[in-house]
file my_file_33.cif (mmCIF, N, CA and C atoms and all ligand atoms)
data_work
#
loop_
_atom_site.label_atom_id
_atom_site.label_comp_id
_atom_site.auth_asym_id
_atom_site.auth_seq_id
_atom_site.Cartn_x
_atom_site.Cartn_y
_atom_site.Cartn_z
N MET A 121 63.71 59.45 87.20
CA MET A 121 63.49 60.35 88.32
C MET A 121 63.64 59.59 89.64
N ALA A 122 64.30 60.23 90.61
CA ALA A 122 64.51 59.59 91.90
C ALA A 122 63.19 59.42 92.64
N GLU A 123 63.10 58.31 93.38
CA GLU A 123 61.87 58.07 94.15
C GLU A 123 61.78 59.08 95.29
N PHE A 124 60.56 59.51 95.56
CA PHE A 124 60.31 60.46 96.64
C PHE A 124 60.68 59.82 97.98
N GLU A 125 61.54 60.48 98.72
CA GLU A 125 61.93 59.98 100.04
C GLU A 125 61.37 60.94 101.10
N PRO A 126 60.30 60.55 101.74
CA PRO A 126 59.67 61.47 102.69
C PRO A 126 60.48 61.68 103.97
N LYS A 127 60.26 62.85 104.54
CA LYS A 127 60.83 63.13 105.87
C LYS A 127 59.71 62.84 106.88
N ILE A 128 60.01 61.96 107.79
CA ILE A 128 58.99 61.55 108.78
C ILE A 128 59.54 61.76 110.18
N ILE A 129 58.74 62.42 110.98
CA ILE A 129 59.13 62.64 112.38
C ILE A 129 58.27 61.74 113.25
N ALA A 130 58.92 60.99 114.14
CA ALA A 130 58.21 60.12 115.08
C ALA A 130 58.49 60.62 116.50
N PHE A 131 57.45 61.13 117.14
CA PHE A 131 57.57 61.56 118.53
C PHE A 131 57.34 60.33 119.40
N CYS A 132 58.39 59.87 120.06
CA CYS A 132 58.34 58.58 120.76
C CYS A 132 58.52 58.75 122.26
N CYS A 133 57.64 58.11 123.00
CA CYS A 133 57.77 58.08 124.46
C CYS A 133 59.01 57.26 124.84
N TYR A 134 59.76 57.79 125.78
CA TYR A 134 60.98 57.13 126.24
C TYR A 134 60.70 55.72 126.79
N TYR A 135 59.58 55.57 127.49
CA TYR A 135 59.29 54.32 128.19
C TYR A 135 58.84 53.18 127.28
N CYS A 136 58.36 53.51 126.10
CA CYS A 136 57.83 52.43 125.26
C CYS A 136 58.42 52.48 123.85
N ALA A 137 57.93 53.40 123.01
CA ALA A 137 58.32 53.41 121.60
C ALA A 137 59.82 53.60 121.41
N TYR A 138 60.40 54.49 122.21
CA TYR A 138 61.83 54.73 122.05
C TYR A 138 62.63 53.49 122.43
N SER A 139 62.18 52.83 123.48
CA SER A 139 62.83 51.57 123.90
C SER A 139 62.57 50.48 122.87
N ALA A 140 61.36 50.49 122.29
CA ALA A 140 61.04 49.50 121.25
C ALA A 140 61.95 49.72 120.03
N ALA A 141 62.24 50.99 119.73
CA ALA A 141 63.15 51.30 118.61
C ALA A 141 64.54 50.76 118.91
N ASP A 142 64.96 50.91 120.17
CA ASP A 142 66.26 50.36 120.60
C ASP A 142 66.28 48.85 120.42
N LEU A 143 65.18 48.23 120.83
CA LEU A 143 65.07 46.77 120.72
C LEU A 143 65.11 46.35 119.24
N ALA A 144 64.40 47.10 118.41
CA ALA A 144 64.41 46.79 116.97
C ALA A 144 65.84 46.84 116.44
N GLY A 145 66.58 47.85 116.91
CA GLY A 145 67.99 47.97 116.50
C GLY A 145 68.81 46.78 116.98
N SER A 146 68.60 46.39 118.25
CA SER A 146 69.34 45.24 118.81
C SER A 146 69.02 43.95 118.06
N MET A 147 67.77 43.86 117.60
CA MET A 147 67.34 42.66 116.88
C MET A 147 67.73 42.73 115.40
N ARG A 148 68.38 43.83 115.04
CA ARG A 148 68.81 44.07 113.65
C ARG A 148 67.63 44.06 112.68
N LEU A 149 66.52 44.61 113.15
CA LEU A 149 65.35 44.72 112.27
C LEU A 149 65.49 45.98 111.43
N GLN A 150 65.18 45.85 110.18
CA GLN A 150 65.32 46.98 109.26
C GLN A 150 64.06 47.84 109.31
N TYR A 151 64.27 49.15 109.37
CA TYR A 151 63.15 50.07 109.13
C TYR A 151 63.69 51.29 108.41
N PRO A 152 62.84 52.00 107.68
CA PRO A 152 63.34 53.06 106.80
C PRO A 152 64.07 54.18 107.53
N ALA A 153 65.12 54.65 106.89
CA ALA A 153 65.90 55.75 107.46
C ALA A 153 65.16 57.08 107.34
N ASN A 154 64.01 57.06 106.69
CA ASN A 154 63.19 58.28 106.56
C ASN A 154 62.66 58.74 107.92
N VAL A 155 62.54 57.78 108.84
CA VAL A 155 61.93 58.07 110.14
C VAL A 155 62.98 58.61 111.11
N ARG A 156 62.74 59.83 111.58
CA ARG A 156 63.65 60.44 112.56
C ARG A 156 62.93 60.51 113.90
N LEU A 157 63.58 59.98 114.90
CA LEU A 157 62.92 59.86 116.21
C LEU A 157 63.18 61.08 117.08
N VAL A 158 62.14 61.50 117.76
CA VAL A 158 62.27 62.54 118.77
C VAL A 158 61.81 61.91 120.08
N GLU A 159 62.73 61.83 121.04
CA GLU A 159 62.43 61.18 122.32
C GLU A 159 61.71 62.16 123.24
N LEU A 160 60.64 61.67 123.84
CA LEU A 160 59.86 62.48 124.79
C LEU A 160 59.75 61.71 126.11
N PRO A 161 59.60 62.42 127.22
CA PRO A 161 59.40 61.72 128.50
C PRO A 161 58.04 61.03 128.55
N CYS A 162 57.10 61.51 127.73
CA CYS A 162 55.75 60.94 127.66
C CYS A 162 55.08 61.61 126.46
N THR A 163 54.19 60.90 125.77
CA THR A 163 53.54 61.54 124.61
C THR A 163 52.58 62.65 125.05
N GLY A 164 52.27 62.69 126.35
CA GLY A 164 51.45 63.80 126.85
C GLY A 164 52.14 65.14 126.64
N LYS A 165 53.42 65.09 126.29
CA LYS A 165 54.19 66.32 126.03
C LYS A 165 53.84 66.95 124.69
N VAL A 166 53.33 66.17 123.76
CA VAL A 166 53.02 66.76 122.44
C VAL A 166 51.72 67.56 122.51
N ASP A 167 51.72 68.65 121.80
CA ASP A 167 50.49 69.42 121.68
C ASP A 167 50.31 69.82 120.21
N VAL A 168 49.23 70.48 119.93
CA VAL A 168 48.89 70.83 118.55
C VAL A 168 50.00 71.67 117.92
N ARG A 169 50.55 72.60 118.70
CA ARG A 169 51.59 73.49 118.19
C ARG A 169 52.82 72.68 117.75
N VAL A 170 53.22 71.70 118.54
CA VAL A 170 54.39 70.88 118.22
C VAL A 170 54.14 70.07 116.95
N LEU A 171 52.93 69.51 116.84
CA LEU A 171 52.62 68.67 115.68
C LEU A 171 52.58 69.50 114.40
N LEU A 172 51.89 70.64 114.46
CA LEU A 172 51.84 71.50 113.26
C LEU A 172 53.22 72.06 112.95
N GLY A 173 53.99 72.35 114.00
CA GLY A 173 55.35 72.87 113.80
C GLY A 173 56.22 71.90 113.02
N ALA A 174 56.05 70.61 113.27
CA ALA A 174 56.85 69.61 112.54
C ALA A 174 56.54 69.69 111.04
N PHE A 175 55.27 69.88 110.70
CA PHE A 175 54.91 70.02 109.29
C PHE A 175 55.46 71.33 108.72
N GLU A 176 55.37 72.39 109.48
CA GLU A 176 55.91 73.69 109.03
C GLU A 176 57.40 73.61 108.77
N GLU A 177 58.08 72.78 109.55
CA GLU A 177 59.54 72.65 109.42
C GLU A 177 59.94 71.67 108.32
N GLY A 178 58.96 71.10 107.62
CA GLY A 178 59.33 70.29 106.47
C GLY A 178 58.99 68.81 106.52
N ALA A 179 58.33 68.36 107.59
CA ALA A 179 57.97 66.94 107.64
C ALA A 179 56.87 66.65 106.61
N ASP A 180 56.97 65.48 105.98
CA ASP A 180 55.91 65.02 105.07
C ASP A 180 54.90 64.17 105.84
N GLY A 181 55.33 63.62 106.96
CA GLY A 181 54.46 62.81 107.79
C GLY A 181 54.97 62.83 109.23
N VAL A 182 54.05 62.68 110.16
CA VAL A 182 54.40 62.73 111.58
C VAL A 182 53.60 61.65 112.30
N TYR A 183 54.25 60.93 113.20
CA TYR A 183 53.46 60.07 114.07
C TYR A 183 53.94 60.16 115.51
N VAL A 184 53.01 59.83 116.38
CA VAL A 184 53.26 59.87 117.81
C VAL A 184 53.13 58.44 118.29
N ALA A 185 54.12 57.96 119.02
CA ALA A 185 54.08 56.58 119.50
C ALA A 185 54.23 56.58 121.02
N GLY A 186 53.16 56.16 121.68
CA GLY A 186 53.14 56.17 123.14
C GLY A 186 52.87 54.80 123.72
N CYS A 187 52.85 54.76 125.04
CA CYS A 187 52.60 53.51 125.76
C CYS A 187 51.21 52.97 125.43
N LEU A 188 51.03 51.70 125.71
CA LEU A 188 49.70 51.09 125.55
C LEU A 188 48.72 51.79 126.48
N GLU A 189 47.49 51.87 126.06
CA GLU A 189 46.49 52.54 126.89
C GLU A 189 46.40 51.83 128.24
N GLY A 190 46.43 52.63 129.30
CA GLY A 190 46.44 52.09 130.65
C GLY A 190 47.85 51.92 131.21
N ASP A 191 48.88 52.04 130.38
CA ASP A 191 50.26 51.83 130.82
C ASP A 191 51.10 53.10 130.87
N CYS A 192 50.50 54.25 130.61
CA CYS A 192 51.28 55.50 130.62
C CYS A 192 51.83 55.75 132.02
N HIS A 193 53.12 56.07 132.11
CA HIS A 193 53.75 56.32 133.40
C HIS A 193 53.25 57.61 134.05
N PHE A 194 52.59 58.43 133.26
CA PHE A 194 52.02 59.68 133.77
C PHE A 194 50.50 59.62 133.69
N LEU A 195 49.98 58.44 133.79
CA LEU A 195 48.56 58.09 133.86
C LEU A 195 47.78 58.32 132.57
N LYS A 196 47.63 59.59 132.14
CA LYS A 196 46.77 59.84 130.99
C LYS A 196 47.48 60.57 129.85
N GLY A 197 48.81 60.57 129.87
CA GLY A 197 49.54 61.30 128.83
C GLY A 197 49.21 60.79 127.43
N ASN A 198 49.14 59.47 127.28
CA ASN A 198 48.88 58.92 125.94
C ASN A 198 47.42 59.16 125.51
N ILE A 199 46.51 59.25 126.49
CA ILE A 199 45.11 59.54 126.16
C ILE A 199 45.00 60.99 125.66
N ARG A 200 45.71 61.87 126.37
CA ARG A 200 45.70 63.29 125.96
C ARG A 200 46.34 63.42 124.58
N ALA A 201 47.45 62.69 124.37
CA ALA A 201 48.13 62.76 123.08
C ALA A 201 47.19 62.32 121.96
N ARG A 202 46.46 61.24 122.19
CA ARG A 202 45.54 60.75 121.14
C ARG A 202 44.50 61.82 120.80
N LYS A 203 43.95 62.47 121.82
CA LYS A 203 42.96 63.52 121.56
C LYS A 203 43.58 64.66 120.75
N ARG A 204 44.80 65.03 121.09
CA ARG A 204 45.47 66.12 120.37
C ARG A 204 45.78 65.71 118.93
N VAL A 205 46.18 64.46 118.75
CA VAL A 205 46.45 63.98 117.40
C VAL A 205 45.16 64.00 116.58
N GLU A 206 44.06 63.52 117.16
CA GLU A 206 42.78 63.51 116.43
C GLU A 206 42.35 64.94 116.06
N TYR A 207 42.51 65.85 116.99
CA TYR A 207 42.16 67.25 116.72
C TYR A 207 43.05 67.83 115.61
N THR A 208 44.35 67.54 115.69
CA THR A 208 45.29 68.08 114.70
C THR A 208 45.03 67.47 113.32
N LYS A 209 44.61 66.21 113.29
CA LYS A 209 44.26 65.59 112.00
C LYS A 209 43.14 66.38 111.31
N LYS A 210 42.15 66.81 112.10
CA LYS A 210 41.06 67.60 111.52
C LYS A 210 41.59 68.93 110.99
N LEU A 211 42.48 69.57 111.76
CA LEU A 211 43.05 70.84 111.30
C LEU A 211 43.81 70.62 110.00
N LEU A 212 44.59 69.55 109.92
CA LEU A 212 45.37 69.27 108.70
C LEU A 212 44.45 69.04 107.51
N ASP A 213 43.31 68.38 107.76
CA ASP A 213 42.32 68.22 106.68
C ASP A 213 41.78 69.58 106.23
N GLU A 214 41.48 70.42 107.19
CA GLU A 214 40.90 71.73 106.87
C GLU A 214 41.85 72.62 106.09
N ILE A 215 43.14 72.53 106.37
CA ILE A 215 44.09 73.42 105.68
C ILE A 215 44.67 72.77 104.43
N GLY A 216 44.21 71.56 104.10
CA GLY A 216 44.61 70.95 102.84
C GLY A 216 45.90 70.15 102.88
N VAL A 217 46.45 69.97 104.07
CA VAL A 217 47.67 69.15 104.18
C VAL A 217 47.28 67.67 104.20
N GLY A 218 46.18 67.37 104.91
CA GLY A 218 45.68 65.99 104.95
C GLY A 218 45.95 65.33 106.29
N GLY A 219 44.87 64.97 106.98
CA GLY A 219 45.00 64.36 108.29
C GLY A 219 45.65 62.99 108.27
N GLU A 220 45.66 62.34 107.09
CA GLU A 220 46.28 61.01 107.01
C GLU A 220 47.80 61.08 107.10
N ARG A 221 48.34 62.29 107.12
CA ARG A 221 49.80 62.44 107.29
C ARG A 221 50.22 62.40 108.76
N LEU A 222 49.24 62.27 109.64
CA LEU A 222 49.51 62.24 111.08
C LEU A 222 48.83 61.01 111.68
N GLU A 223 49.52 60.34 112.60
CA GLU A 223 48.92 59.15 113.20
C GLU A 223 49.42 58.99 114.63
N MET A 224 48.63 58.25 115.40
CA MET A 224 49.00 57.91 116.79
C MET A 224 49.06 56.39 116.90
N TYR A 225 50.12 55.89 117.54
CA TYR A 225 50.26 54.45 117.76
C TYR A 225 50.53 54.21 119.25
N ASN A 226 50.16 53.04 119.70
CA ASN A 226 50.46 52.64 121.07
C ASN A 226 51.22 51.31 121.02
N LEU A 227 52.29 51.24 121.79
CA LEU A 227 53.05 49.99 121.85
C LEU A 227 53.83 49.92 123.15
N SER A 228 54.37 48.76 123.43
CA SER A 228 55.18 48.60 124.65
C SER A 228 56.65 48.49 124.27
N SER A 229 57.50 48.55 125.28
CA SER A 229 58.95 48.54 125.02
C SER A 229 59.42 47.20 124.44
N SER A 230 58.60 46.16 124.61
CA SER A 230 59.00 44.84 124.11
C SER A 230 58.56 44.61 122.65
N MET A 231 57.95 45.64 122.06
CA MET A 231 57.39 45.45 120.71
C MET A 231 58.33 46.02 119.63
N GLY A 232 59.58 45.58 119.67
CA GLY A 232 60.54 46.01 118.64
C GLY A 232 60.09 45.70 117.23
N PRO A 233 59.63 44.45 116.96
CA PRO A 233 59.17 44.15 115.61
C PRO A 233 57.99 45.02 115.18
N ARG A 234 57.08 45.31 116.12
CA ARG A 234 55.94 46.17 115.80
C ARG A 234 56.42 47.60 115.48
N PHE A 235 57.43 48.05 116.22
CA PHE A 235 57.97 49.38 115.95
C PHE A 235 58.48 49.46 114.51
N ALA A 236 59.25 48.46 114.11
CA ALA A 236 59.80 48.45 112.75
C ALA A 236 58.68 48.37 111.71
N GLU A 237 57.65 47.58 112.02
CA GLU A 237 56.51 47.43 111.11
C GLU A 237 55.77 48.77 110.94
N ILE A 238 55.55 49.48 112.06
CA ILE A 238 54.88 50.78 111.99
C ILE A 238 55.70 51.73 111.12
N ALA A 239 57.01 51.76 111.35
CA ALA A 239 57.88 52.67 110.59
C ALA A 239 57.79 52.36 109.09
N ARG A 240 57.76 51.08 108.74
CA ARG A 240 57.66 50.69 107.32
C ARG A 240 56.30 51.07 106.75
N GLU A 241 55.24 50.71 107.48
CA GLU A 241 53.87 50.99 106.99
C GLU A 241 53.64 52.48 106.81
N PHE A 242 54.06 53.25 107.81
CA PHE A 242 53.80 54.69 107.74
C PHE A 242 54.62 55.33 106.62
N THR A 243 55.83 54.88 106.44
CA THR A 243 56.66 55.42 105.35
C THR A 243 56.02 55.11 104.00
N GLU A 244 55.51 53.90 103.84
CA GLU A 244 54.84 53.55 102.58
C GLU A 244 53.60 54.42 102.36
N ARG A 245 52.86 54.66 103.45
CA ARG A 245 51.66 55.51 103.34
C ARG A 245 52.05 56.91 102.83
N ILE A 246 53.09 57.48 103.42
CA ILE A 246 53.48 58.85 103.05
C ILE A 246 54.08 58.87 101.64
N LYS A 247 54.79 57.82 101.28
CA LYS A 247 55.30 57.75 99.90
C LYS A 247 54.14 57.77 98.92
N GLY A 248 53.06 57.06 99.28
CA GLY A 248 51.88 57.02 98.42
C GLY A 248 51.20 58.37 98.30
N LEU A 249 51.27 59.16 99.36
CA LEU A 249 50.62 60.48 99.36
C LEU A 249 51.46 61.52 98.63
N GLY A 250 52.76 61.29 98.57
CA GLY A 250 53.66 62.27 97.95
C GLY A 250 54.07 63.34 98.95
N PRO A 251 54.84 64.33 98.47
CA PRO A 251 55.34 65.37 99.38
C PRO A 251 54.20 66.17 100.01
N SER A 252 54.43 66.65 101.21
CA SER A 252 53.45 67.51 101.87
C SER A 252 53.21 68.74 101.00
N PRO A 253 51.96 69.22 100.93
CA PRO A 253 51.71 70.45 100.16
C PRO A 253 52.56 71.61 100.66
N LEU A 254 52.96 71.55 101.92
CA LEU A 254 53.80 72.63 102.46
C LEU A 254 55.22 72.57 101.92
N ASN A 255 55.58 71.46 101.29
CA ASN A 255 56.95 71.29 100.77
C ASN A 255 57.02 71.34 99.26
N ARG A 256 55.93 71.72 98.62
CA ARG A 256 55.93 71.67 97.16
C ARG A 256 56.32 73.00 96.55
N GLY A 257 57.57 73.30 96.64
CA GLY A 257 58.10 74.46 95.92
C GLY A 257 57.87 75.80 96.58
N TYR A 258 57.29 75.82 97.75
CA TYR A 258 57.10 77.11 98.41
C TYR A 258 58.34 77.47 99.21
N SER A 259 58.85 78.67 98.99
CA SER A 259 59.91 79.16 99.87
C SER A 259 59.55 80.59 100.25
N PRO A 260 59.59 80.89 101.53
CA PRO A 260 59.16 82.20 102.00
C PRO A 260 60.03 83.33 101.45
N THR A 261 59.40 84.47 101.20
CA THR A 261 60.16 85.63 100.73
C THR A 261 60.96 86.20 101.89
N LYS A 262 61.89 87.10 101.57
CA LYS A 262 62.68 87.75 102.63
C LYS A 262 61.77 88.47 103.60
N GLU A 263 60.74 89.12 103.05
CA GLU A 263 59.82 89.89 103.90
C GLU A 263 59.07 88.96 104.85
N GLU A 264 58.65 87.78 104.32
CA GLU A 264 57.94 86.82 105.18
C GLU A 264 58.86 86.31 106.29
N LYS A 265 60.11 86.02 105.90
CA LYS A 265 61.06 85.54 106.91
C LYS A 265 61.30 86.60 107.98
N ALA A 266 61.44 87.88 107.53
CA ALA A 266 61.67 88.98 108.47
C ALA A 266 60.46 89.11 109.39
N GLY A 267 59.25 88.93 108.83
CA GLY A 267 58.03 89.02 109.63
C GLY A 267 57.97 87.95 110.70
N GLU A 268 58.49 86.75 110.39
CA GLU A 268 58.50 85.65 111.37
C GLU A 268 59.38 85.96 112.56
N GLN A 269 60.45 86.75 112.32
CA GLN A 269 61.40 87.02 113.40
C GLN A 269 60.93 88.11 114.34
N ARG A 270 59.88 88.86 113.94
CA ARG A 270 59.38 89.94 114.82
C ARG A 270 58.60 89.41 115.97
FE1 LIG B 1 54.64 56.60 127.70
FE2 LIG B 1 53.07 58.46 128.85
S1 LIG B 1 54.80 57.49 129.70
S2 LIG B 1 52.98 57.65 126.84
#
call {"tool": "encode", "arguments": {"input": "my_file_33.cif", "output": "structure tokens", "more": "lines below"}}
Ligand code: FES
result
Amino acid sequence: MAEFEPKIIAFCCYYCAYSAADLAGSMRLQYPANVRLVELPCTGKVDVRVLLGAFEEGADGVYVAGCLEGDCHFLKGNIRARKRVEYTKKLLDEIGVGGERLEMYNLSSSMGPRFAEIAREFTERIKGLGPSPLNRGYSPTKEEKAGEQR
């Protein structure tokens, strides 16, 4: 049987994590292809709806990577993001998806090796958890899909 390959979405701040990912690439550091990056102007842009939406759309794991605390270019965007991530983790626990499928990290643009390390660690964590309960054989009926479009 083929090994489970999770789909992981990483919401990355342009000023830090996204640049760190670029640096990791320049340094030819390997990190799993499971991680798909979404560039944001600041992690303050993520909210509960966006995080839950990623899981609804098929992610097995999601993480948010923002600037180091005190270094956010929009002052408190990363602090707000952390609060939203913590709140969403509780919601994921309550609905049975599991809060451990969501995480918040802080790093600077010079931390390319740390970026690659986070991507590897988080991918291993999600592999250990297996597919998201939302991805285990459920497919919406035509009626449910039609209801979503109303
Ligand atoms: Fe990077 Fe706000 S500008 S987290």
call {"tool": "residues_near_ligand", "arguments": {"input": "my_file_33.cif", "ligand": "ligand LIG 1 (chain B)", "cutoff": "6 Å", "atoms": "all atoms listed in the file", "output": "ChimeraX atom specification"}}
result
/A:133-136,161-164,186-187,191-195,197-198
call {"tool": "atom_distance", "arguments": {"input": "my_file_33.cif", "atom1": "atom CA of Ala201 of chain A", "atom2": "atom CA of Leu249 of chain A"}}
result
24.0 Å
call {"tool": "atom_distance", "arguments": {"input": "my_file_33.cif", "atom1": "atom C of Val182 of chain A", "atom2": "atom C of Arg148 of chain A"}}
result
22.5 Å
call {"tool": "atom_distance", "arguments": {"input": "my_file_33.cif", "atom1": "atom C of Asp180 of chain A", "atom2": "atom C of Ser139 of chain A"}}
result
23.2 Å
call {"tool": "select_by_dssp", "arguments": {"input": "my_file_33.cif", "residues": "chain A", "states": "alpha helix (DSSP H)", "output": "PyMOL selection string"}}
result
chain A and resi 137-146+168-176+197-214+232-249+262-269
call {"tool": "select_by_dssp", "arguments": {"input": "my_file_33.cif", "residues": "chain A", "states": "strand (DSSP E or B)", "output": "count of residues only"}}
result
23
call {"tool": "residues_around", "arguments": {"input": "my_file_33.cif", "residues": "Cys132 of chain A", "least_positions_apart": "5", "cutoff": "5 Å", "atoms": "all atoms listed in the file", "output": "ChimeraX atom specification"}}
result
/A:138,158-160,185
call {"tool": "axis_aligned_box", "arguments": {"input": "my_file_33.cif", "around": "segment 236-255 of chain A", "padding_each_side": "4 Å", "output": "JSON"}}
result
{"center_x": 55.2, "center_y": 60.0, "center_z": 106.0, "size_x": 17.2, "size_y": 33.2, "size_z": 24.2}
call {"tool": "residues_around", "arguments": {"input": "my_file_33.cif", "residues": "segment 220-227 of chain A", "least_positions_apart": "2", "cutoff": "7 Å", "atoms": "all atoms listed in the file", "output": "list in words"}}
result
Cys136, Ala137, Asp180, Gly181, Val182, Tyr183, Val184, Ala185, Gly186, Cys187, Leu188, Glu189, Arg202, Val205, Lys209, Leu212, Asp213, Val217, Gly218, Ser229, Ser230, Met231 and Ile246 of chain A
call {"tool": "closest_residue", "arguments": {"input": "my_file_33.cif", "among": "A:Lys127, A:Arg256, A:Arg169, A:Arg156", "to": "Tyr207 of chain A", "atoms": "only C-alpha atoms"}}
result
A:Arg169
call {"tool": "residues_around", "arguments": {"input": "my_file_33.cif", "residues": "Glu237 of chain A", "least_positions_apart": "4", "cutoff": "7 Å", "atoms": "all atoms listed in the file", "output": "number ranges by chain"}}
result
A: 150-151, 232-233, 241-242
call {"tool": "closest_residue", "arguments": {"input": "my_file_33.cif", "among": "A:Leu157, A:Ala144, A:Glu214, A:Ala179", "to": "Pro251 of chain A", "atoms": "only C-alpha atoms"}}
result
A:Ala179
